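Trainee: Have a peek at entry-v1.cif (mmCIF, C-alpha atoms).
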data_structure
loop_
_atom_site.label_atom_id
_atom_site.label_comp_id
_atom_site.auth_asym_id
_atom_site.auth_seq_id
_atom_site.Cartn_x
_atom_site.Cartn_y
_atom_site.Cartn_z
CA MET A 1320 25.39 93.53 236.20
CA ILE A 1321 28.85 92.15 236.97
CA ARG A 1322 30.45 90.15 234.21
CA ILE A 1323 31.72 86.64 234.87
CA ASP A 1324 35.23 87.69 233.78
CA MET A 1325 35.38 90.28 236.54
CA ILE A 1326 34.17 87.77 239.12
CA ALA A 1327 36.80 85.25 238.00
CA ALA A 1328 39.54 87.90 238.11
CA ARG A 1329 38.54 88.97 241.62
CA PHE A 1330 38.43 85.34 242.76
CA ALA A 1331 41.89 84.70 241.30
CA ALA A 1332 43.30 87.81 242.99
CA LEU A 1333 41.80 86.78 246.33
CA LEU A 1334 43.18 83.26 245.94
CA ALA A 1335 46.66 84.61 245.11
CA LEU A 1336 46.56 86.93 248.12
CA LEU A 1337 45.54 84.08 250.42
CA PHE A 1338 48.32 81.91 249.00
CA VAL A 1339 50.95 84.61 249.66
CA PHE A 1340 49.70 85.08 253.23
CA ALA A 1341 49.66 81.33 253.83
CA ILE A 1342 53.24 80.92 252.70
CA THR A 1343 54.67 83.95 254.47
CA LEU A 1344 52.89 83.30 257.74
CA GLN A 1345 53.87 79.64 257.99
CA PRO A 1346 55.87 79.01 261.15
CA VAL A 1347 57.95 76.44 259.25
CA TYR A 1348 59.81 79.21 257.43
CA ALA A 1349 60.80 80.80 260.74
CA GLN A 1350 62.98 77.82 261.63
CA GLU A 1351 66.64 77.66 260.81
CA ALA A 1352 67.42 75.12 258.12
CA ALA A 1353 70.22 72.65 258.67
CA PRO A 1354 72.23 71.47 255.69
CA VAL A 1355 70.83 68.32 254.11
CA ILE A 1356 74.27 67.09 253.14
CA ALA A 1357 77.01 66.85 255.76
CA ARG A 1358 79.83 69.37 255.34
CA SER A 1359 82.40 66.57 255.32
CA SER A 1360 80.82 64.94 252.25
CA ILE A 1361 82.15 65.39 248.71
CA TRP A 1362 78.59 66.15 247.58
CA PHE A 1363 78.56 69.27 249.73
CA ASP A 1364 81.59 70.64 247.83
CA ILE A 1365 80.10 69.69 244.45
CA TRP A 1366 76.80 71.34 245.37
CA ALA A 1367 78.65 74.52 246.40
CA ILE A 1368 80.18 74.64 242.91
CA VAL A 1369 77.03 73.68 240.95
CA GLN A 1370 74.48 75.68 242.95
CA PRO A 1371 75.12 79.08 241.20
CA LEU A 1372 74.73 77.41 237.80
CA VAL A 1373 71.47 75.73 238.85
CA VAL A 1374 70.10 79.03 240.18
CA LEU A 1375 71.18 80.87 237.01
CA LEU A 1376 69.62 78.28 234.70
CA GLY A 1377 66.49 78.16 236.82
CA SER A 1378 66.09 81.93 236.73
CA ILE A 1379 66.58 82.04 232.95
CA VAL A 1380 64.80 78.89 231.82
CA GLY A 1381 61.96 79.04 234.36
CA PRO A 1382 60.23 82.21 233.11
CA VAL A 1383 60.77 81.24 229.48
CA LEU A 1384 59.27 77.82 230.12
CA ILE A 1385 56.29 79.30 231.97
CA THR A 1386 55.72 81.82 229.16
CA TRP A 1387 55.91 79.09 226.53
CA ILE A 1388 53.47 76.85 228.42
CA SER A 1389 51.00 79.70 229.00
CA ALA A 1390 51.16 80.76 225.33
CA ARG A 1391 50.42 77.18 224.29
CA LEU A 1392 47.50 76.96 226.71
CA ILE A 1393 46.06 80.27 225.53
CA SER A 1394 46.31 79.24 221.90
CA LEU A 1395 44.87 75.83 222.73
CA LEU A 1396 41.94 77.24 224.65
CA LYS A 1397 41.58 80.35 222.42
CA VAL A 1398 40.41 82.28 225.46
CA ALA A 1399 40.63 85.90 224.35
CA ASP A 1400 40.79 85.51 220.59
CA GLU A 1401 37.52 83.61 220.20
CA LYS A 1402 35.49 86.20 222.11
CA GLN A 1403 37.03 89.09 220.17
CA GLN A 1404 36.54 87.32 216.85
CA LEU A 1405 32.87 86.72 217.61
CA GLU A 1406 32.37 90.39 218.49
CA ILE A 1407 34.14 91.53 215.32
CA GLN A 1408 32.12 89.13 213.16
CA ALA A 1409 28.88 90.35 214.72
CA LYS A 1410 29.83 93.96 213.98
CA LEU A 1411 30.82 93.06 210.42
CA ARG A 1412 27.51 91.25 209.83
CA GLN A 1413 25.57 94.22 211.20
CA ALA A 1414 27.54 96.62 209.02
CA LEU A 1415 26.93 94.41 205.98
CA HIS A 1416 23.19 94.30 206.59
CA ASP A 1417 23.04 98.06 207.19
CA SER A 1418 24.98 98.60 203.99
CA ALA A 1419 22.59 96.27 202.12
CA ALA A 1420 19.61 98.30 203.34
CA ASN A 1421 21.29 101.53 202.26
CA ALA A 1422 22.20 99.96 198.91
CA LEU A 1423 18.57 99.00 198.32
CA LYS A 1424 17.46 102.56 199.09
CA PHE A 1425 20.15 103.85 196.74
CA ALA A 1426 19.09 101.50 193.94
CA LEU A 1427 15.42 102.45 194.38
CA ALA A 1428 16.24 106.16 194.31
CA ARG A 1429 18.45 105.71 191.28
CA SER A 1430 15.70 103.88 189.41
CA GLY A 1431 13.32 106.77 190.01
CA ILE A 1432 11.18 105.32 192.76
CA ALA A 1433 10.65 108.11 195.25
CA GLY A 1434 10.04 107.78 198.99
CA GLY A 1435 6.25 108.03 198.64
CA SER A 1436 5.92 105.10 196.28
CA ILE A 1437 8.27 102.75 198.16
CA ALA A 1438 5.22 101.18 199.77
CA SER A 1439 4.21 99.81 196.37
CA VAL A 1440 7.57 98.05 195.93
CA THR A 1441 7.61 94.28 196.23
CA ALA A 1442 10.38 91.74 195.81
CA SER A 1443 9.17 91.04 192.26
CA ALA A 1444 9.41 94.75 191.39
CA ILE A 1445 13.17 94.78 192.04
CA THR A 1446 14.79 94.60 188.62
CA SER A 1447 18.11 93.00 187.85
CA ALA A 1448 19.57 96.46 187.16
CA MET A 1449 18.49 97.63 190.61
CA LEU A 1450 19.99 94.51 192.15
CA ARG A 1451 23.26 95.06 190.27
CA ASP A 1452 23.38 98.69 191.46
CA ALA A 1453 22.76 97.64 195.05
CA THR A 1454 25.34 94.85 194.86
CA LYS A 1455 27.92 97.20 193.37
CA TYR A 1456 27.16 99.74 196.11
CA VAL A 1457 27.80 97.21 198.88
CA GLU A 1458 30.93 95.86 197.20
CA GLU A 1459 32.36 99.38 196.94
CA LYS A 1460 31.43 100.47 200.46
CA ASN A 1461 32.27 97.30 202.46
CA PRO A 1462 34.86 95.20 200.62
CA GLU A 1463 36.60 94.17 203.87
CA ALA A 1464 33.37 92.93 205.45
CA LEU A 1465 32.54 90.88 202.36
CA GLN A 1466 36.01 89.39 202.27
CA LYS A 1467 36.25 88.60 206.00
CA LEU A 1468 32.77 87.10 206.15
CA GLY A 1469 33.25 85.21 202.88
CA VAL A 1470 30.02 86.47 201.32
CA THR A 1471 29.57 85.42 197.70
CA PRO A 1472 27.80 87.67 195.15
CA ASN A 1473 24.74 85.39 195.18
CA ALA A 1474 24.58 85.51 198.97
CA LEU A 1475 24.95 89.29 198.85
CA GLN A 1476 22.02 89.53 196.45
CA ASP A 1477 19.97 87.36 198.81
CA ILE A 1478 20.83 89.69 201.70
CA ILE A 1479 19.80 92.71 199.65
CA MET A 1480 16.52 91.06 198.63
CA SER A 1481 15.80 90.29 202.29
CA LYS A 1482 15.99 94.00 203.03
CA VAL A 1483 12.93 94.73 200.84
CA THR A 1484 10.54 93.52 203.53
CA ASP A 1485 12.51 95.39 206.22
CA LEU A 1486 12.25 98.56 204.15
CA LEU A 1487 8.51 98.11 203.74
CA ARG A 1488 8.02 97.62 207.49
CA LYS A 1489 9.80 100.88 208.25
CA GLN A 1490 7.66 102.89 205.81
CA PRO A 1491 4.50 104.43 207.28
CA SER A 1492 1.31 103.15 205.68
CA LEU A 1493 -0.46 105.73 203.51
#
Please lay out the structure from this file as structure tokens.
Mentor:
Amino acid sequence: MIRIDMIAARFAALLALLFVFAITLQPVYAQEAAPVIARSSIWFDIWAIVQPLVVLLGSIVGPVLITWISARLISLLKVADEKQQLEIQAKLRQALHDSAANALKFALARSGIAGGSIASVTASAITSAMLRDATKYVEEKNPEALQKLGVTPNALQDIIMSKVTDLLRKQPSL
């Protein structure tokens, strides 16, 4: 499966190549150019003096101006950053939920509930001490994920409580 980015990059490269061929193969550029201003005019002498300065300023200011405009467009459109931020947030959310599941297992093991009796655990059987242990576990193991995602302690406890049913589904029925 070819990604749309690769297709767009190939299309842009093909378009650039066609543009270069179109310009270089134009018969217009093979002709000899006559001066626009007559040699006897004062403007011809002024242009001969000013032309190096115009070329110098154009070669210095041009790339800087193009870079500035492209940086503004990229920041305006948020082309690359938005995609990367979404991928990072998805990974952080997945890590947070995995950590919440591990924290619940840790809290259950710490409270003395062994693997065989996990099937008898319900959401009402989770004590506040178990919830505190699980919350503390996640806060210690993934502080960056909590901070970047802006998860509050109440929201973290809700995430941990949602993992009870996931844990029960994964346990084989006895």
Trainee: Using the chain letters and numbers from the file, which residues does the PyMOL selection byres ((chain A and resi 1456-1473) around 9) grab, as JSON, numbers by chain?
Mentor: {"A": [1408, 1411, 1412, 1414, 1415, 1418, 1419, 1421, 1422, 1423, 1425, 1426, 1451, 1452, 1453, 1454, 1455, 1474, 1475, 1476, 1477, 1478]}
Trainee: Which value, in Å to one decimal, gives the distance between atom CA of A:Leu1337 and atom CA of A:Gly1377?
Mentor: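 Calculated distance between atom CA of A:Leu1337 and atom CA of A:Gly1377 is 25.7 Å.
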Trainee: What is the atom CA of A:Val1369 to atom CA of A:Ala1357 distance in Å?
Mentor: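 Answer for the atom CA of A:Val1369 to atom CA of A:Ala1357 separation: 16.3 Å.
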Trainee: Which of these, A:Val1383, A:Leu1450, A:Ile1393, A:Ala1327, has the shortest distance to A:Met1480 once you count only C-alpha atoms?
Mentor: A:Leu1450
Trainee: Quote the spacing between atom CA of A:Leu1334 and atom CA of A:Thr1386 in Å to one decimal place.
Mentor: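 So the two atoms, atom CA of A:Leu1334 and atom CA of A:Thr1386, lie 21.0 Å apart.
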